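S.K.: So here's input_31.txt (compact mmCIF, N, CA and C atoms).
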# COMPACT_ATOMS: atom_id res chain seq x y z
N MET A 1 24.80 -32.89 2.07
CA MET A 1 25.09 -33.40 3.38
C MET A 1 24.18 -34.55 3.72
N LYS A 2 22.90 -34.38 3.43
CA LYS A 2 21.92 -35.41 3.73
C LYS A 2 22.19 -36.66 2.89
N ASN A 3 22.52 -36.45 1.62
CA ASN A 3 22.81 -37.58 0.74
C ASN A 3 24.05 -38.34 1.23
N LEU A 4 25.02 -37.61 1.75
CA LEU A 4 26.22 -38.24 2.28
C LEU A 4 25.88 -39.11 3.49
N MET A 5 25.00 -38.60 4.34
CA MET A 5 24.59 -39.36 5.52
C MET A 5 23.85 -40.64 5.11
N ILE A 6 22.98 -40.53 4.12
CA ILE A 6 22.25 -41.70 3.64
C ILE A 6 23.22 -42.73 3.08
N ALA A 7 24.20 -42.25 2.32
CA ALA A 7 25.18 -43.17 1.74
C ALA A 7 25.98 -43.88 2.84
N VAL A 8 26.37 -43.15 3.88
CA VAL A 8 27.12 -43.76 4.98
C VAL A 8 26.28 -44.81 5.70
N ILE A 9 25.02 -44.50 5.92
CA ILE A 9 24.13 -45.45 6.59
C ILE A 9 23.94 -46.70 5.74
N LEU A 10 23.74 -46.51 4.43
CA LEU A 10 23.55 -47.65 3.54
C LEU A 10 24.80 -48.52 3.48
N ILE A 11 25.96 -47.89 3.43
CA ILE A 11 27.21 -48.63 3.35
C ILE A 11 27.45 -49.40 4.65
N SER A 12 27.11 -48.78 5.78
CA SER A 12 27.37 -49.43 7.06
C SER A 12 26.43 -50.60 7.31
N GLY A 13 25.33 -50.69 6.57
CA GLY A 13 24.43 -51.83 6.71
C GLY A 13 23.41 -51.67 7.81
N ILE A 14 23.31 -50.49 8.39
CA ILE A 14 22.32 -50.28 9.45
C ILE A 14 20.92 -50.39 8.86
N LEU A 15 20.71 -49.76 7.73
CA LEU A 15 19.43 -49.84 7.06
C LEU A 15 19.60 -50.67 5.79
N PRO A 16 18.60 -51.47 5.46
CA PRO A 16 18.71 -52.22 4.21
C PRO A 16 18.76 -51.26 3.03
N ALA A 17 19.48 -51.63 2.02
CA ALA A 17 19.63 -50.77 0.85
C ALA A 17 18.29 -50.62 0.14
N ALA A 18 17.95 -49.38 -0.17
CA ALA A 18 16.72 -49.09 -0.90
C ALA A 18 17.10 -48.83 -2.35
N THR A 19 16.18 -49.14 -3.23
CA THR A 19 16.43 -48.90 -4.64
C THR A 19 16.37 -47.41 -4.93
N ALA A 20 16.80 -47.05 -6.11
CA ALA A 20 16.77 -45.63 -6.50
C ALA A 20 15.34 -45.12 -6.53
N GLU A 21 14.40 -45.96 -6.96
CA GLU A 21 12.99 -45.56 -6.98
C GLU A 21 12.49 -45.29 -5.57
N GLN A 22 12.85 -46.15 -4.65
CA GLN A 22 12.43 -45.98 -3.26
C GLN A 22 13.03 -44.71 -2.66
N GLU A 23 14.29 -44.45 -2.94
CA GLU A 23 14.93 -43.24 -2.44
C GLU A 23 14.25 -41.99 -3.00
N ALA A 24 13.89 -42.03 -4.28
CA ALA A 24 13.19 -40.91 -4.89
C ALA A 24 11.83 -40.70 -4.23
N LEU A 25 11.12 -41.80 -3.96
CA LEU A 25 9.82 -41.72 -3.30
C LEU A 25 9.97 -41.17 -1.88
N ILE A 26 10.98 -41.62 -1.17
CA ILE A 26 11.22 -41.14 0.20
C ILE A 26 11.48 -39.64 0.18
N THR A 27 12.32 -39.20 -0.73
CA THR A 27 12.63 -37.77 -0.84
C THR A 27 11.38 -36.97 -1.18
N THR A 28 10.58 -37.46 -2.12
CA THR A 28 9.35 -36.78 -2.50
C THR A 28 8.39 -36.67 -1.32
N LEU A 29 8.25 -37.75 -0.57
CA LEU A 29 7.37 -37.72 0.60
C LEU A 29 7.88 -36.76 1.66
N GLU A 30 9.17 -36.76 1.89
CA GLU A 30 9.75 -35.86 2.89
C GLU A 30 9.56 -34.40 2.50
N GLN A 31 9.58 -34.12 1.21
CA GLN A 31 9.37 -32.76 0.74
C GLN A 31 7.89 -32.38 0.70
N SER A 32 7.00 -33.36 0.74
CA SER A 32 5.56 -33.12 0.65
C SER A 32 4.88 -33.00 2.00
N LEU A 33 5.59 -33.33 3.07
CA LEU A 33 4.98 -33.33 4.40
C LEU A 33 5.66 -32.32 5.31
N ILE A 34 4.86 -31.63 6.10
CA ILE A 34 5.37 -30.66 7.07
C ILE A 34 5.79 -31.43 8.33
N ALA A 35 6.90 -31.03 8.92
CA ALA A 35 7.38 -31.67 10.15
C ALA A 35 6.47 -31.25 11.31
N PRO A 36 5.83 -32.20 11.98
CA PRO A 36 4.90 -31.85 13.05
C PRO A 36 5.58 -31.39 14.34
N CYS A 37 6.90 -31.46 14.41
CA CYS A 37 7.58 -31.03 15.63
C CYS A 37 7.43 -29.53 15.86
N CYS A 38 7.46 -28.76 14.79
CA CYS A 38 7.34 -27.31 14.96
C CYS A 38 6.47 -26.67 13.88
N TRP A 39 6.04 -27.41 12.89
CA TRP A 39 5.16 -26.95 11.81
C TRP A 39 5.76 -25.78 11.04
N SER A 40 7.08 -25.73 10.95
CA SER A 40 7.68 -24.60 10.25
C SER A 40 8.42 -24.97 8.97
N GLY A 41 8.55 -26.22 8.67
CA GLY A 41 9.25 -26.63 7.46
C GLY A 41 8.92 -28.08 7.14
N THR A 42 9.41 -28.53 6.02
CA THR A 42 9.14 -29.90 5.61
C THR A 42 10.03 -30.87 6.40
N VAL A 43 9.65 -32.12 6.33
CA VAL A 43 10.44 -33.17 6.98
C VAL A 43 11.84 -33.21 6.37
N TYR A 44 11.92 -32.99 5.08
CA TYR A 44 13.20 -33.00 4.36
C TYR A 44 14.14 -31.93 4.91
N ASP A 45 13.59 -30.77 5.25
CA ASP A 45 14.39 -29.66 5.74
C ASP A 45 14.87 -29.87 7.18
N HIS A 46 14.13 -30.63 7.95
CA HIS A 46 14.44 -30.77 9.38
C HIS A 46 15.56 -31.75 9.69
N GLY A 47 15.82 -32.67 8.83
CA GLY A 47 16.90 -33.60 9.11
C GLY A 47 16.40 -34.85 9.81
N HIS A 48 17.20 -35.39 10.67
CA HIS A 48 16.96 -36.70 11.26
C HIS A 48 15.82 -36.65 12.28
N THR A 49 14.63 -36.99 11.84
CA THR A 49 13.48 -37.04 12.73
C THR A 49 12.89 -38.44 12.72
N GLN A 50 12.03 -38.67 13.67
CA GLN A 50 11.34 -39.96 13.75
C GLN A 50 10.49 -40.17 12.51
N MET A 51 9.93 -39.10 12.00
CA MET A 51 9.06 -39.19 10.83
C MET A 51 9.82 -39.70 9.61
N GLU A 52 11.07 -39.30 9.45
CA GLU A 52 11.88 -39.81 8.33
C GLU A 52 12.04 -41.32 8.41
N LYS A 53 12.26 -41.81 9.61
CA LYS A 53 12.40 -43.26 9.80
C LYS A 53 11.09 -43.97 9.47
N GLU A 54 9.97 -43.37 9.90
CA GLU A 54 8.66 -43.96 9.60
C GLU A 54 8.40 -44.00 8.10
N ILE A 55 8.70 -42.90 7.42
CA ILE A 55 8.49 -42.84 5.97
C ILE A 55 9.33 -43.91 5.27
N ARG A 56 10.59 -44.00 5.65
CA ARG A 56 11.48 -45.00 5.07
C ARG A 56 10.92 -46.41 5.30
N GLN A 57 10.42 -46.66 6.50
CA GLN A 57 9.88 -47.99 6.83
C GLN A 57 8.64 -48.29 5.99
N TYR A 58 7.75 -47.29 5.84
CA TYR A 58 6.55 -47.48 5.02
C TYR A 58 6.93 -47.81 3.58
N VAL A 59 7.89 -47.08 3.03
CA VAL A 59 8.30 -47.30 1.64
C VAL A 59 8.92 -48.69 1.49
N GLU A 60 9.77 -49.06 2.42
CA GLU A 60 10.40 -50.38 2.34
C GLU A 60 9.40 -51.51 2.53
N ASN A 61 8.28 -51.24 3.21
CA ASN A 61 7.22 -52.25 3.37
C ASN A 61 6.29 -52.29 2.16
N GLY A 62 6.54 -51.45 1.16
CA GLY A 62 5.79 -51.52 -0.09
C GLY A 62 4.58 -50.61 -0.18
N LYS A 63 4.41 -49.68 0.73
CA LYS A 63 3.27 -48.77 0.65
C LYS A 63 3.51 -47.74 -0.46
N THR A 64 2.42 -47.32 -1.08
CA THR A 64 2.52 -46.33 -2.15
C THR A 64 2.55 -44.92 -1.56
N ARG A 65 2.85 -43.97 -2.42
CA ARG A 65 2.91 -42.57 -1.98
C ARG A 65 1.58 -42.14 -1.40
N GLN A 66 0.49 -42.45 -2.10
CA GLN A 66 -0.84 -42.03 -1.66
C GLN A 66 -1.21 -42.68 -0.33
N GLU A 67 -0.87 -43.94 -0.15
CA GLU A 67 -1.17 -44.63 1.11
C GLU A 67 -0.44 -43.96 2.28
N ILE A 68 0.81 -43.61 2.07
CA ILE A 68 1.58 -42.97 3.12
C ILE A 68 1.04 -41.58 3.41
N MET A 69 0.70 -40.83 2.37
CA MET A 69 0.12 -39.50 2.56
C MET A 69 -1.19 -39.61 3.34
N ASP A 70 -2.01 -40.60 3.00
CA ASP A 70 -3.28 -40.80 3.69
C ASP A 70 -3.08 -41.13 5.17
N ILE A 71 -2.05 -41.90 5.47
CA ILE A 71 -1.74 -42.23 6.87
C ILE A 71 -1.47 -40.96 7.66
N TYR A 72 -0.64 -40.08 7.12
CA TYR A 72 -0.29 -38.85 7.84
C TYR A 72 -1.44 -37.84 7.88
N VAL A 73 -2.23 -37.79 6.82
CA VAL A 73 -3.39 -36.89 6.82
C VAL A 73 -4.40 -37.37 7.85
N ALA A 74 -4.58 -38.67 7.96
CA ALA A 74 -5.50 -39.21 8.96
C ALA A 74 -5.00 -38.91 10.38
N GLN A 75 -3.70 -38.94 10.56
CA GLN A 75 -3.12 -38.73 11.89
C GLN A 75 -3.08 -37.25 12.27
N TYR A 76 -2.68 -36.36 11.35
CA TYR A 76 -2.47 -34.95 11.67
C TYR A 76 -3.46 -33.99 11.01
N GLY A 77 -4.22 -34.45 10.06
CA GLY A 77 -5.11 -33.57 9.31
C GLY A 77 -4.38 -33.01 8.10
N GLU A 78 -5.09 -32.20 7.31
CA GLU A 78 -4.51 -31.67 6.07
C GLU A 78 -3.39 -30.68 6.31
N ARG A 79 -3.25 -30.22 7.51
CA ARG A 79 -2.19 -29.25 7.78
C ARG A 79 -0.81 -29.87 7.65
N ILE A 80 -0.72 -31.20 7.62
CA ILE A 80 0.57 -31.89 7.47
C ILE A 80 1.09 -31.76 6.04
N LEU A 81 0.22 -31.44 5.10
CA LEU A 81 0.61 -31.35 3.69
C LEU A 81 1.35 -30.04 3.43
N ALA A 82 2.47 -30.13 2.73
CA ALA A 82 3.26 -28.94 2.41
C ALA A 82 2.52 -28.04 1.42
N SER A 83 1.74 -28.61 0.53
CA SER A 83 0.90 -27.82 -0.37
C SER A 83 -0.52 -28.35 -0.24
N PRO A 84 -1.49 -27.45 -0.06
CA PRO A 84 -2.87 -27.89 0.17
C PRO A 84 -3.46 -28.57 -1.05
N LYS A 85 -4.43 -29.45 -0.78
CA LYS A 85 -5.14 -30.09 -1.88
C LYS A 85 -5.95 -29.04 -2.61
N ALA A 86 -5.99 -29.14 -3.90
CA ALA A 86 -6.72 -28.15 -4.71
C ALA A 86 -8.18 -28.53 -4.81
N SER A 87 -8.90 -28.39 -3.69
CA SER A 87 -10.33 -28.66 -3.67
C SER A 87 -10.98 -27.84 -2.58
N GLY A 88 -12.25 -27.51 -2.76
CA GLY A 88 -12.99 -26.76 -1.76
C GLY A 88 -12.39 -25.39 -1.50
N PHE A 89 -12.35 -25.03 -0.22
CA PHE A 89 -11.84 -23.72 0.18
C PHE A 89 -10.36 -23.58 -0.12
N ASN A 90 -9.63 -24.70 -0.16
CA ASN A 90 -8.19 -24.65 -0.44
C ASN A 90 -7.88 -24.08 -1.81
N LEU A 91 -8.86 -24.05 -2.69
CA LEU A 91 -8.63 -23.45 -4.02
C LEU A 91 -8.24 -21.98 -3.89
N MET A 92 -8.69 -21.33 -2.82
CA MET A 92 -8.32 -19.93 -2.62
C MET A 92 -6.81 -19.78 -2.45
N ALA A 93 -6.17 -20.77 -1.83
CA ALA A 93 -4.71 -20.70 -1.66
C ALA A 93 -4.01 -20.74 -3.02
N TRP A 94 -4.64 -21.34 -3.98
CA TRP A 94 -4.04 -21.44 -5.32
C TRP A 94 -4.39 -20.24 -6.18
N PHE A 95 -5.63 -19.76 -6.09
CA PHE A 95 -6.09 -18.73 -7.01
C PHE A 95 -6.00 -17.31 -6.46
N ALA A 96 -6.04 -17.14 -5.15
CA ALA A 96 -6.02 -15.78 -4.57
C ALA A 96 -4.78 -14.99 -5.00
N PRO A 97 -3.57 -15.55 -4.94
CA PRO A 97 -2.42 -14.75 -5.38
C PRO A 97 -2.50 -14.32 -6.85
N ILE A 98 -3.04 -15.19 -7.68
CA ILE A 98 -3.19 -14.86 -9.10
C ILE A 98 -4.20 -13.72 -9.27
N LEU A 99 -5.33 -13.84 -8.57
CA LEU A 99 -6.36 -12.80 -8.67
C LEU A 99 -5.87 -11.46 -8.12
N ILE A 100 -5.15 -11.49 -7.03
CA ILE A 100 -4.62 -10.26 -6.46
C ILE A 100 -3.60 -9.61 -7.41
N ALA A 101 -2.76 -10.44 -8.02
CA ALA A 101 -1.78 -9.91 -8.98
C ALA A 101 -2.48 -9.29 -10.19
N LEU A 102 -3.51 -9.95 -10.70
CA LEU A 102 -4.24 -9.40 -11.84
C LEU A 102 -4.94 -8.10 -11.47
N ALA A 103 -5.51 -8.02 -10.28
CA ALA A 103 -6.17 -6.79 -9.84
C ALA A 103 -5.14 -5.67 -9.70
N GLY A 104 -3.98 -5.98 -9.17
CA GLY A 104 -2.92 -4.97 -9.05
C GLY A 104 -2.45 -4.47 -10.40
N ILE A 105 -2.31 -5.37 -11.35
CA ILE A 105 -1.90 -4.97 -12.70
C ILE A 105 -2.97 -4.08 -13.33
N ALA A 106 -4.26 -4.43 -13.12
CA ALA A 106 -5.35 -3.64 -13.68
C ALA A 106 -5.37 -2.23 -13.08
N VAL A 107 -5.17 -2.13 -11.78
CA VAL A 107 -5.16 -0.81 -11.13
C VAL A 107 -3.98 0.01 -11.64
N PHE A 108 -2.82 -0.62 -11.75
CA PHE A 108 -1.63 0.08 -12.23
C PHE A 108 -1.80 0.53 -13.68
N ALA A 109 -2.36 -0.33 -14.53
CA ALA A 109 -2.60 0.03 -15.93
C ALA A 109 -3.60 1.18 -16.02
N ASN A 110 -4.63 1.15 -15.18
CA ASN A 110 -5.62 2.22 -15.17
C ASN A 110 -4.98 3.53 -14.72
N TYR A 111 -4.08 3.45 -13.77
CA TYR A 111 -3.37 4.65 -13.30
C TYR A 111 -2.51 5.23 -14.42
N LEU A 112 -1.84 4.37 -15.18
CA LEU A 112 -0.98 4.86 -16.26
C LEU A 112 -1.78 5.46 -17.40
N ARG A 113 -3.00 4.93 -17.66
CA ARG A 113 -3.81 5.42 -18.76
C ARG A 113 -4.60 6.67 -18.41
N ALA A 114 -4.78 6.96 -17.14
CA ALA A 114 -5.57 8.12 -16.72
C ALA A 114 -4.89 9.40 -17.19
N PRO A 115 -5.69 10.34 -17.71
CA PRO A 115 -5.08 11.61 -18.15
C PRO A 115 -4.54 12.37 -16.95
N LYS A 116 -3.41 12.96 -17.15
CA LYS A 116 -2.78 13.72 -16.08
C LYS A 116 -3.38 15.12 -16.06
N LYS A 117 -3.75 15.58 -14.88
CA LYS A 117 -4.27 16.93 -14.74
C LYS A 117 -3.11 17.88 -14.53
N ALA A 118 -3.17 18.98 -15.23
CA ALA A 118 -2.12 19.97 -15.08
C ALA A 118 -2.36 20.72 -13.78
N THR A 119 -1.40 20.71 -12.94
CA THR A 119 -1.54 21.41 -11.67
C THR A 119 -0.84 22.75 -11.77
N VAL A 120 -1.53 23.79 -11.35
CA VAL A 120 -0.98 25.13 -11.38
C VAL A 120 -0.49 25.43 -9.98
N LYS A 121 0.79 25.65 -9.88
CA LYS A 121 1.34 25.98 -8.59
C LYS A 121 1.37 27.49 -8.47
N SER A 122 0.83 27.95 -7.36
CA SER A 122 0.81 29.39 -7.17
C SER A 122 1.76 29.76 -6.04
N THR A 123 2.33 30.90 -6.20
CA THR A 123 3.21 31.40 -5.16
C THR A 123 2.40 32.31 -4.26
N PRO A 124 2.84 32.48 -3.04
CA PRO A 124 2.08 33.39 -2.16
C PRO A 124 2.01 34.78 -2.78
N GLY A 125 0.87 35.38 -2.68
CA GLY A 125 0.69 36.71 -3.25
C GLY A 125 -0.01 36.65 -4.61
N GLN A 126 0.07 35.52 -5.28
CA GLN A 126 -0.63 35.38 -6.55
C GLN A 126 -2.07 35.02 -6.26
N GLN A 127 -2.96 35.57 -7.06
CA GLN A 127 -4.37 35.27 -6.88
C GLN A 127 -4.76 34.18 -7.87
N GLN A 128 -5.45 33.16 -7.36
CA GLN A 128 -5.89 32.09 -8.25
C GLN A 128 -7.21 32.50 -8.90
N GLU A 129 -7.36 32.06 -10.11
CA GLU A 129 -8.59 32.33 -10.81
C GLU A 129 -9.53 31.15 -10.64
N ASN A 130 -10.79 31.38 -10.91
CA ASN A 130 -11.82 30.36 -10.82
C ASN A 130 -11.99 29.80 -9.41
N VAL A 131 -11.89 30.65 -8.42
CA VAL A 131 -12.14 30.20 -7.04
C VAL A 131 -13.64 30.20 -6.84
N PRO A 132 -14.21 29.09 -6.38
CA PRO A 132 -15.67 29.07 -6.20
C PRO A 132 -16.09 30.12 -5.15
N HIS A 133 -17.17 30.77 -5.43
CA HIS A 133 -17.76 31.77 -4.53
C HIS A 133 -16.81 32.94 -4.26
N ASP A 134 -15.97 33.26 -5.21
CA ASP A 134 -14.98 34.32 -5.04
C ASP A 134 -15.65 35.68 -4.78
N ASP A 135 -16.71 35.97 -5.50
CA ASP A 135 -17.40 37.25 -5.34
C ASP A 135 -17.98 37.38 -3.94
N GLN A 136 -18.58 36.31 -3.45
CA GLN A 136 -19.19 36.34 -2.12
C GLN A 136 -18.12 36.52 -1.05
N ILE A 137 -16.99 35.87 -1.20
CA ILE A 137 -15.90 35.98 -0.24
C ILE A 137 -15.38 37.41 -0.21
N GLU A 138 -15.21 38.01 -1.37
CA GLU A 138 -14.73 39.39 -1.45
C GLU A 138 -15.68 40.36 -0.76
N ARG A 139 -17.00 40.17 -0.99
CA ARG A 139 -17.99 41.05 -0.36
C ARG A 139 -17.94 40.93 1.16
N GLU A 140 -17.83 39.69 1.65
CA GLU A 140 -17.80 39.49 3.09
C GLU A 140 -16.53 40.07 3.71
N LEU A 141 -15.41 39.99 3.01
CA LEU A 141 -14.18 40.57 3.51
C LEU A 141 -14.28 42.10 3.58
N LYS A 142 -14.92 42.73 2.61
CA LYS A 142 -15.10 44.19 2.61
C LYS A 142 -15.99 44.61 3.75
N GLN A 143 -17.01 43.77 4.04
CA GLN A 143 -17.91 44.11 5.15
C GLN A 143 -17.18 44.04 6.48
N LEU A 144 -16.22 43.18 6.61
CA LEU A 144 -15.49 43.06 7.86
C LEU A 144 -14.56 44.25 8.08
N ASP A 145 -14.09 44.86 7.02
CA ASP A 145 -13.17 46.00 7.14
C ASP A 145 -13.94 47.16 7.58
Hey, can you dump this file as structure tokens for me?
M.R.:
Amino acid sequence: MKNLMIAVILISGILPAATAEQEALITTLEQSLIAPCCWSGTVYDHGHTQMEKEIRQYVENGKTRQEIMDIYVAQYGERILASPKASGFNLMAWFAPILIALAGIAVFANYLRAPKKATVKSTPGQQQENVPHDDQIERELKQLD
């Protein structure tokens, strides 16, 4: 749907025709930046926003991907990025899921390797053997009678 709209706009002559490289760069940038209107999705997902027009204008003026990203990071901070930079504390966003998954696998593997204890189910009326302090309990019960 979005590609159809772009084609209609290009054919109508409202926007100057961009090369295939520029269109690819525009799409990449739109997918790399979070829409600041609601901070819930990328610019690409939101559709016709002012930010899309700005990105298109920057690309057509010859700015590189990094220059455009730097403009938006300077304006909104790193929260505008769809995926955090892999540096400093942001490394946790990249490595924490992996570490948690490995820890879960280790716990599960340890659970599977642990020897199973045989549980003896007793029915009411059956006396269990090896009850700690059984003799003392018996003596105290006799004293109560």
S.K.: What's the separation between atom C of Lys63 (chain A) and atom C of Glu30 (chain A), in Å to one decimal place?
M.R.: 14.9 Å
S.K.: Would you work out the distance separating CA of Cys37 (chain A) from CA of Val73 (chain A), expressed in Å to one decimal?
M.R.: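 Between CA of Cys37 (chain A) and CA of Val73 (chain A) the gap works out to 15.2 Å.
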S.K.: Excluding same-chain residues fewer than 4 positions from region 64-69 of chain A, what lies within 8 Å of it counting only N, CA and C atoms, as a PyMOL selection string?
M.R.: chain A and resi 25+29+55+58-59+73-75
S.K.: Quote the spacing between atom N of Leu99 (chain A) and atom N of Thr28 (chain A) in Å to one decimal place.
M.R.: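 Interatomic distance, atom N of Leu99 (chain A) to atom N of Thr28 (chain A): 29.2 Å.
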